[in-house]
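Trainee: Below you'll find upload.tsv; it's TSV, C-alpha atoms.
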```tsv
chain	number	residue	atom	x	y	z
A	6	MET	CA	0.00	0.00	0.00
A	7	ARG	CA	1.35	3.39	-0.98
A	8	ASN	CA	2.04	6.05	1.63
A	9	SER	CA	-0.85	8.52	1.27
A	10	ARG	CA	1.35	11.33	2.55
A	11	TYR	CA	3.52	11.28	-0.55
A	12	PHE	CA	1.05	9.89	-3.09
A	13	ILE	CA	-1.20	12.16	-5.15
A	14	PRO	CA	-4.10	10.53	-7.01
A	15	ALA	CA	-4.10	10.99	-10.74
A	16	TRP	CA	-7.49	12.64	-10.69
A	17	LYS	CA	-6.09	15.43	-8.49
A	18	ILE	CA	-2.99	16.11	-10.58
A	19	PRO	CA	-3.55	15.23	-14.24
A	20	TYR	CA	0.07	15.83	-15.19
A	21	GLY	CA	1.48	13.21	-12.83
A	22	ARG	CA	3.46	13.23	-9.58
A	23	LEU	CA	5.27	16.33	-8.32
A	24	THR	CA	8.06	16.75	-5.79
A	25	GLY	CA	9.15	19.35	-3.22
A	26	ASP	CA	7.22	22.61	-2.93
A	27	GLU	CA	5.18	21.83	-6.03
A	28	HIS	CA	3.92	18.65	-4.37
A	29	TRP	CA	2.51	20.44	-1.29
A	30	SER	CA	1.16	23.40	-3.24
A	31	ALA	CA	-0.74	20.96	-5.44
A	32	LEU	CA	-2.51	19.57	-2.36
A	33	LYS	CA	-3.90	22.98	-1.34
A	34	LEU	CA	-7.59	23.51	-1.95
A	35	PRO	CA	-8.84	26.48	-3.97
A	36	VAL	CA	-9.08	29.70	-1.95
A	37	GLU	CA	-12.61	30.42	-0.74
A	38	GLN	CA	-14.00	33.63	0.79
A	39	ILE	CA	-16.42	33.05	3.68
A	40	PRO	CA	-17.55	34.99	6.81
A	41	CYS	CA	-15.65	34.52	10.08
A	42	GLU	CA	-17.66	32.67	12.74
A	43	ARG	CA	-16.49	35.13	15.39
A	44	CYS	CA	-16.54	38.63	13.85
A	45	ALA	CA	-18.55	37.87	10.68
A	46	ALA	CA	-15.93	39.61	8.52
A	47	SER	CA	-15.16	38.01	5.16
A	48	TYR	CA	-11.77	36.34	4.82
A	49	LEU	CA	-9.98	33.99	2.44
A	50	ARG	CA	-10.18	30.48	3.82
A	51	LYS	CA	-7.02	28.44	3.24
A	52	ASN	CA	-8.52	25.04	3.99
A	53	LYS	CA	-11.87	23.47	4.81
A	54	ARG	CA	-11.16	23.30	8.56
A	55	GLN	CA	-10.48	27.02	8.98
A	56	ARG	CA	-13.42	28.70	10.72
A	57	PHE	CA	-11.98	32.06	11.83
A	58	CYS	CA	-10.15	34.92	10.15
A	59	GLU	CA	-6.47	35.54	10.82
A	60	THR	CA	-7.24	38.26	13.36
A	61	CYS	CA	-9.64	36.14	15.41
A	62	ARG	CA	-7.58	32.94	15.30
A	63	VAL	CA	-5.13	34.25	17.92
A	64	THR	CA	-7.96	35.28	20.29
A	65	VAL	CA	-9.83	32.00	19.80
A	66	LEU	CA	-6.71	29.97	20.52
A	67	TYR	CA	-6.04	32.01	23.67
A	68	GLU	CA	-9.63	31.52	24.90
A	69	TYR	CA	-9.45	27.80	24.16
A	70	LYS	CA	-6.24	27.42	26.18
A	71	ARG	CA	-7.78	29.30	29.12
A	72	SER	CA	-10.97	27.22	29.06
A	73	TYR	CA	-8.98	24.00	28.78
A	74	ALA	CA	-6.77	24.98	31.72
A	75	ALA	CA	-9.82	25.92	33.81
A	76	ASP	CA	-11.49	22.62	33.00
A	77	TYR	CA	-8.31	20.71	33.89
A	78	ARG	CA	-8.10	22.48	37.27
A	79	ARG	CA	-11.73	21.62	37.93
A	80	ARG	CA	-11.31	17.93	37.08
A	81	PHE	CA	-7.88	17.43	38.67
A	82	PRO	CA	-7.53	20.02	41.46
A	83	GLU	CA	-4.79	18.19	43.35
A	84	LYS	CA	-2.63	17.73	40.26
A	85	ALA	CA	-3.10	21.37	39.33
A	86	LYS	CA	-2.09	22.56	42.81
A	87	LEU	CA	0.98	20.33	42.78
A	88	ALA	CA	2.02	21.60	39.36
A	89	VAL	CA	1.69	25.23	40.49
A	90	LYS	CA	3.67	24.52	43.67
A	91	MET	CA	6.49	22.83	41.77
A	92	SER	CA	6.60	25.63	39.23
A	93	TRP	CA	6.83	28.26	41.99
A	94	GLN	CA	9.67	26.35	43.63
A	95	LYS	CA	11.63	26.21	40.39
A	96	ARG	CA	11.10	29.86	39.39
A	97	HIS	CA	10.23	31.56	42.67
A	98	ASP	CA	11.87	34.92	41.91
A	99	TYR	CA	10.26	35.13	38.47
A	100	TYR	CA	6.73	34.40	39.70
A	101	LEU	CA	7.14	36.73	42.68
A	102	GLN	CA	8.10	39.59	40.40
A	103	ALA	CA	5.32	38.73	37.95
A	104	SER	CA	2.77	38.63	40.78
A	105	ARG	CA	3.84	42.05	42.04
A	106	GLU	CA	3.71	43.52	38.55
A	107	TYR	CA	0.24	42.07	37.97
A	108	GLY	CA	-0.92	43.55	41.28
A	109	ARG	CA	0.36	46.99	40.30
A	110	ARG	CA	-1.35	46.87	36.91
A	111	TYR	CA	-4.60	45.61	38.46
A	112	ARG	CA	-4.73	48.31	41.13
A	113	ARG	CA	-4.01	51.00	38.56
A	114	SER	CA	-6.69	49.71	36.18
A	115	VAL	CA	-9.31	49.62	38.97
A	116	ALA	CA	-8.39	53.16	40.00
A	117	ARG	CA	-8.76	54.37	36.41
A	118	VAL	CA	-12.27	52.90	36.16
A	119	VAL	CA	-13.45	54.53	39.39
A	120	ILE	CA	-11.80	57.91	38.80
A	121	ASP	CA	-13.09	57.95	35.23
A	122	HIS	CA	-16.65	57.54	36.52
A	123	TYR	CA	-16.56	60.08	39.35
A	124	SER	CA	-14.71	62.69	37.26
A	125	ASN	CA	-17.11	62.26	34.31
A	126	GLY	CA	-14.24	61.16	32.13
A	127	SER	CA	-12.09	64.24	32.73
A	128	PHE	CA	-9.55	62.63	35.12
A	129	ARG	CA	-9.20	65.95	36.93
A	130	CYS	CA	-9.45	67.14	40.51
A	131	ALA	CA	-12.85	68.72	41.15
A	132	CYS	CA	-11.16	71.56	43.06
A	133	CYS	CA	-7.86	72.56	41.41
A	134	GLY	CA	-7.97	70.64	38.12
A	135	GLU	CA	-4.92	68.42	38.77
A	136	SER	CA	-4.82	65.69	36.07
A	137	ASN	CA	-1.95	63.43	37.15
A	138	LEU	CA	-3.51	60.06	37.99
A	139	ASP	CA	-0.95	59.37	40.73
A	140	PHE	CA	-2.25	62.41	42.68
A	141	LEU	CA	-5.98	61.72	42.30
A	142	ALA	CA	-8.16	59.91	44.86
A	143	ILE	CA	-11.81	59.45	45.83
A	144	ASP	CA	-13.20	61.88	48.42
A	145	HIS	CA	-16.39	61.61	50.48
A	146	ILE	CA	-18.30	64.78	49.67
A	147	ASN	CA	-20.04	64.92	53.05
A	148	GLY	CA	-17.14	63.45	55.04
A	149	GLY	CA	-17.34	60.31	57.16
A	150	GLY	CA	-14.75	58.29	55.28
A	151	ILE	CA	-13.21	56.75	58.41
A	152	LYS	CA	-16.58	55.63	59.79
A	153	GLU	CA	-17.53	54.12	56.46
A	154	ARG	CA	-14.27	52.16	56.14
A	155	MET	CA	-14.63	50.89	59.70
A	156	ALA	CA	-18.15	49.68	58.93
A	157	LEU	CA	-17.13	48.06	55.64
A	158	PHE	CA	-13.66	46.64	56.33
A	159	GLY	CA	-13.18	46.90	60.09
A	160	ARG	CA	-10.14	49.16	59.67
A	161	PRO	CA	-9.99	52.95	59.30
A	162	ASN	CA	-7.03	53.01	56.91
A	163	THR	CA	-8.27	50.43	54.39
A	164	GLY	CA	-8.67	52.02	50.98
A	165	GLY	CA	-7.18	51.92	47.53
A	166	ALA	CA	-8.08	49.00	45.30
A	167	ARG	CA	-10.22	47.31	47.96
A	168	PHE	CA	-12.40	50.38	48.38
A	169	TYR	CA	-12.51	50.96	44.62
A	170	ASN	CA	-13.67	47.39	44.06
A	171	TRP	CA	-16.46	47.96	46.57
A	172	LEU	CA	-17.57	51.06	44.66
A	173	ILE	CA	-17.64	49.10	41.40
A	174	LYS	CA	-19.62	46.21	42.92
A	175	LYS	CA	-22.18	48.66	44.36
A	176	GLY	CA	-22.68	50.29	40.96
A	177	PHE	CA	-20.84	53.55	41.71
A	178	PRO	CA	-23.04	55.02	44.49
A	179	SER	CA	-23.39	58.79	44.81
A	180	GLY	CA	-21.71	60.94	47.46
A	181	TYR	CA	-18.15	60.78	46.13
A	182	GLN	CA	-15.93	63.02	44.04
A	183	VAL	CA	-12.37	63.11	42.70
A	184	LEU	CA	-9.81	65.27	44.52
A	185	CYS	CA	-6.05	65.44	44.34
A	186	ALA	CA	-3.94	64.58	47.39
A	187	ASN	CA	-3.41	68.24	48.35
A	188	CYS	CA	-7.05	69.25	48.12
A	189	ASN	CA	-8.17	66.07	49.89
A	190	THR	CA	-5.74	66.67	52.76
A	191	SER	CA	-6.70	70.32	53.04
A	192	LYS	CA	-10.39	69.47	53.11
A	193	GLY	CA	-9.75	66.85	55.81
A	194	LYS	CA	-7.94	69.41	57.99
A	195	HIS	CA	-10.17	72.45	57.53
A	196	GLY	CA	-13.47	71.05	56.30
A	197	THR	CA	-12.98	72.89	52.99
A	198	CYS	CA	-9.99	73.08	50.67
A	199	VAL	CA	-7.92	76.25	50.96
A	200	HIS	CA	-8.51	76.77	47.22
A	201	GLN	CA	-12.14	77.46	48.13
A	202	GLY	CA	-11.22	80.18	50.63
A	203	ALA	CA	-10.97	77.97	53.72
A	204	ARG	CA	-9.96	79.68	56.97
A	205	PHE	CA	-7.04	78.07	58.78
A	206	GLU	CA	-4.59	78.87	61.54
A	207	ILE	CA	-0.78	79.04	61.51
A	208	LYS	CA	0.87	79.22	64.94
A	209	GLY	CA	-2.22	80.66	66.53
A	210	THR	CA	-2.86	83.22	63.79
A	211	SER	CA	-6.04	82.96	61.74
A	212	CYS	CA	-5.52	83.27	58.01
A	213	ASN	CA	-7.57	83.28	54.86
A	214	HIS	CA	-6.09	81.70	51.74
```
Please express the file's structure as structure tokens.
Mentor:
Amino acid sequence: MRNSRYFIPAWKIPYGRLTGDEHWSALKLPVEQIPCERCAASYLRKNKRQRFCETCRVTVLYEYKRSYAADYRRRFPEKAKLAVKMSWQKRHDYYLQASREYGRRYRRSVARVVIDHYSNGSFRCACCGESNLDFLAIDHINGGGIKERMALFGRPNTGGARFYNWLIKKGFPSGYQVLCANCNTSKGKHGTCVHQGARFEIKGTSCNH
């Protein structure tokens, strides 16, 4: 019996057997233009098994790998835990650095979502107009931030990504605004930011800003 990998039927190639690149090019099916099953855009299909365009193939493969890995962890939890533990032991420094970097990116992305909502997309302080994201934070318009954090998290200084996640889960409740660090600190000390004409004292002397 002939090896089907290297044998081309006569009805496929009327001029006989080919070799090398000509052999494999002769096996290719005619190009066909069909819609992608993911984005519905038309693309040139290279073979009958291709279902997605070139752009979507990368995304589909990534999603398949993630779903397969999740299914494997569900069916074999002990094996999955052991594999993760062994991998961490072999490349501890790498995974530690990757975990820290992921945490930084996640906290920054959550902050962007919350600040974008409460600043109406401007990413600016409601008082002075500061636009540097590192300086911006969420302020309680009517005060009471410490009491709220104690009631929610049991600690007065818990904030950041944990508080932002709570705001997202609650559907962005009202009563909050975006202030920069300076305006937020000034409002916490004097009740109103000094940019708004707050009255404060320096060494026993009352002053107006």
Trainee: Which residue, A:Gly202, A:Val115, A:Asn137, A:Asp76, has the smallest gap to Trp171 of chain A when you use only C-alpha atoms?
Mentor: A:Val115
Trainee: Could you state the separation of atom CA of Arg109 of chain A and atom CA of His122 of chain A in Å, given to one decimal place?
Mentor: 20.4 Å
Trainee: Select, from A:Ala75, A:His97, A:Ser179, A:Ala142, the residue with the minimum atom-to-atom distance to Arg129 of chain A, counting all atoms listed in the file.
Mentor: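 Smallest distance to Arg129 of chain A is found for A:Ala142.
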Trainee: Rounded to one decimal place, report the atom CA of Lys90 of chain A-atom CA of Ser104 of chain A distance in Å.
Mentor: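 It comes out at 14.4 Å.
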Trainee: As an exercise, work out the distance from atom CA of Asp144 of chain A to atom CA of Tyr111 of chain A in Å and give it to one decimal place.
Mentor: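 So the answer is 20.9 Å.
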Trainee: Write out as a PyMOL selection string the residues lying within 7 Å of Cys130 of chain A, counting all atoms listed in the file and excluding same-chain residues fewer than 4 positions away.
Mentor: chain A and resi 134-136+141+183-185
Trainee: Using all atoms of segment 67-80 of chain A listed in the file and a margin of 5 Å per side, can you give the axis-aligned box centre and edge lengths in Å to one decimal, as lines of an AutoDock Vina configuration file?
Mentor:
```
center_x = -8.9
center_y = 25.0
center_z = 30.8
size_x = 15.7
size_y = 24.1
size_z = 24.3
```
Trainee: Name the residues within 12 Å of (-6.0, 65.6, 50.2), counting only C-alpha atoms in the file's coordinates, and put them as a tab-separated table (two decimals) with C-alpha atoms, in the coordinates of the input.
Mentor:
```tsv
chain	number	residue	atom	x	y	z
A	130	CYS	CA	-9.45	67.14	40.51
A	131	ALA	CA	-12.85	68.72	41.15
A	132	CYS	CA	-11.16	71.56	43.06
A	133	CYS	CA	-7.86	72.56	41.41
A	135	GLU	CA	-4.92	68.42	38.77
A	140	PHE	CA	-2.25	62.41	42.68
A	141	LEU	CA	-5.98	61.72	42.30
A	142	ALA	CA	-8.16	59.91	44.86
A	143	ILE	CA	-11.81	59.45	45.83
A	144	ASP	CA	-13.20	61.88	48.42
A	145	HIS	CA	-16.39	61.61	50.48
A	182	GLN	CA	-15.93	63.02	44.04
A	183	VAL	CA	-12.37	63.11	42.70
A	184	LEU	CA	-9.81	65.27	44.52
A	185	CYS	CA	-6.05	65.44	44.34
A	186	ALA	CA	-3.94	64.58	47.39
A	187	ASN	CA	-3.41	68.24	48.35
A	188	CYS	CA	-7.05	69.25	48.12
A	189	ASN	CA	-8.17	66.07	49.89
A	190	THR	CA	-5.74	66.67	52.76
A	191	SER	CA	-6.70	70.32	53.04
A	192	LYS	CA	-10.39	69.47	53.11
A	193	GLY	CA	-9.75	66.85	55.81
A	194	LYS	CA	-7.94	69.41	57.99
A	195	HIS	CA	-10.17	72.45	57.53
A	196	GLY	CA	-13.47	71.05	56.30
A	197	THR	CA	-12.98	72.89	52.99
A	198	CYS	CA	-9.99	73.08	50.67
A	199	VAL	CA	-7.92	76.25	50.96
A	200	HIS	CA	-8.51	76.77	47.22
```
Trainee: Here's a test: counting all atoms listed in the file, identify every protein, DNA and RNA residue with an atom at most 7 Å from (-17.4, 29.6, 16.0) in the file's coordinate frame, and state them as an mmCIF file with C-alpha atoms, keeping the file's coordinate frame.
Mentor:
```cif
data_model
loop_
_atom_site.group_PDB
_atom_site.id
_atom_site.type_symbol
_atom_site.label_atom_id
_atom_site.label_comp_id
_atom_site.auth_asym_id
_atom_site.auth_seq_id
_atom_site.Cartn_x
_atom_site.Cartn_y
_atom_site.Cartn_z
ATOM 1 C CA GLU A 42 -17.660 32.670 12.740
ATOM 2 C CA ARG A 43 -16.490 35.130 15.390
ATOM 3 C CA ARG A 56 -13.420 28.700 10.720
#
```
Trainee: Would you pick out the contacts of Phe177 of chain A at 10 Å or less, using all atoms listed in the file, so that residues sharing its chain but fewer than 5 positions from it are not included, and give the list as a PyMOL selection string?
Mentor: chain A and resi 119+122-123+169-172
Trainee: Could you pull segment 38-118 of chain A out of the block above and save it with C-alpha atoms, as a CSV table (one decimal), in the first residue's frame?
Mentor:
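Generated file (part.csv):
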```
chain,number,residue,atom,x,y,z
A,38,GLN,CA,-14.0,33.6,0.8
A,39,ILE,CA,-16.4,33.1,3.7
A,40,PRO,CA,-17.6,35.0,6.8
A,41,CYS,CA,-15.7,34.5,10.1
A,42,GLU,CA,-17.7,32.7,12.7
A,43,ARG,CA,-16.5,35.1,15.4
A,44,CYS,CA,-16.5,38.6,13.8
A,45,ALA,CA,-18.5,37.9,10.7
A,46,ALA,CA,-15.9,39.6,8.5
A,47,SER,CA,-15.2,38.0,5.2
A,48,TYR,CA,-11.8,36.3,4.8
A,49,LEU,CA,-10.0,34.0,2.4
A,50,ARG,CA,-10.2,30.5,3.8
A,51,LYS,CA,-7.0,28.4,3.2
A,52,ASN,CA,-8.5,25.0,4.0
A,53,LYS,CA,-11.9,23.5,4.8
A,54,ARG,CA,-11.2,23.3,8.6
A,55,GLN,CA,-10.5,27.0,9.0
A,56,ARG,CA,-13.4,28.7,10.7
A,57,PHE,CA,-12.0,32.1,11.8
A,58,CYS,CA,-10.2,34.9,10.2
A,59,GLU,CA,-6.5,35.5,10.8
A,60,THR,CA,-7.2,38.3,13.4
A,61,CYS,CA,-9.6,36.1,15.4
A,62,ARG,CA,-7.6,32.9,15.3
A,63,VAL,CA,-5.1,34.3,17.9
A,64,THR,CA,-8.0,35.3,20.3
A,65,VAL,CA,-9.8,32.0,19.8
A,66,LEU,CA,-6.7,30.0,20.5
A,67,TYR,CA,-6.0,32.0,23.7
A,68,GLU,CA,-9.6,31.5,24.9
A,69,TYR,CA,-9.4,27.8,24.2
A,70,LYS,CA,-6.2,27.4,26.2
A,71,ARG,CA,-7.8,29.3,29.1
A,72,SER,CA,-11.0,27.2,29.1
A,73,TYR,CA,-9.0,24.0,28.8
A,74,ALA,CA,-6.8,25.0,31.7
A,75,ALA,CA,-9.8,25.9,33.8
A,76,ASP,CA,-11.5,22.6,33.0
A,77,TYR,CA,-8.3,20.7,33.9
A,78,ARG,CA,-8.1,22.5,37.3
A,79,ARG,CA,-11.7,21.6,37.9
A,80,ARG,CA,-11.3,17.9,37.1
A,81,PHE,CA,-7.9,17.4,38.7
A,82,PRO,CA,-7.5,20.0,41.5
A,83,GLU,CA,-4.8,18.2,43.4
A,84,LYS,CA,-2.6,17.7,40.3
A,85,ALA,CA,-3.1,21.4,39.3
A,86,LYS,CA,-2.1,22.6,42.8
A,87,LEU,CA,1.0,20.3,42.8
A,88,ALA,CA,2.0,21.6,39.4
A,89,VAL,CA,1.7,25.2,40.5
A,90,LYS,CA,3.7,24.5,43.7
A,91,MET,CA,6.5,22.8,41.8
A,92,SER,CA,6.6,25.6,39.2
A,93,TRP,CA,6.8,28.3,42.0
A,94,GLN,CA,9.7,26.4,43.6
A,95,LYS,CA,11.6,26.2,40.4
A,96,ARG,CA,11.1,29.9,39.4
A,97,HIS,CA,10.2,31.6,42.7
A,98,ASP,CA,11.9,34.9,41.9
A,99,TYR,CA,10.3,35.1,38.5
A,100,TYR,CA,6.7,34.4,39.7
A,101,LEU,CA,7.1,36.7,42.7
A,102,GLN,CA,8.1,39.6,40.4
A,103,ALA,CA,5.3,38.7,38.0
A,104,SER,CA,2.8,38.6,40.8
A,105,ARG,CA,3.8,42.0,42.0
A,106,GLU,CA,3.7,43.5,38.5
A,107,TYR,CA,0.2,42.1,38.0
A,108,GLY,CA,-0.9,43.5,41.3
A,109,ARG,CA,0.4,47.0,40.3
A,110,ARG,CA,-1.3,46.9,36.9
A,111,TYR,CA,-4.6,45.6,38.5
A,112,ARG,CA,-4.7,48.3,41.1
A,113,ARG,CA,-4.0,51.0,38.6
A,114,SER,CA,-6.7,49.7,36.2
A,115,VAL,CA,-9.3,49.6,39.0
A,116,ALA,CA,-8.4,53.2,40.0
A,117,ARG,CA,-8.8,54.4,36.4
A,118,VAL,CA,-12.3,52.9,36.2
```
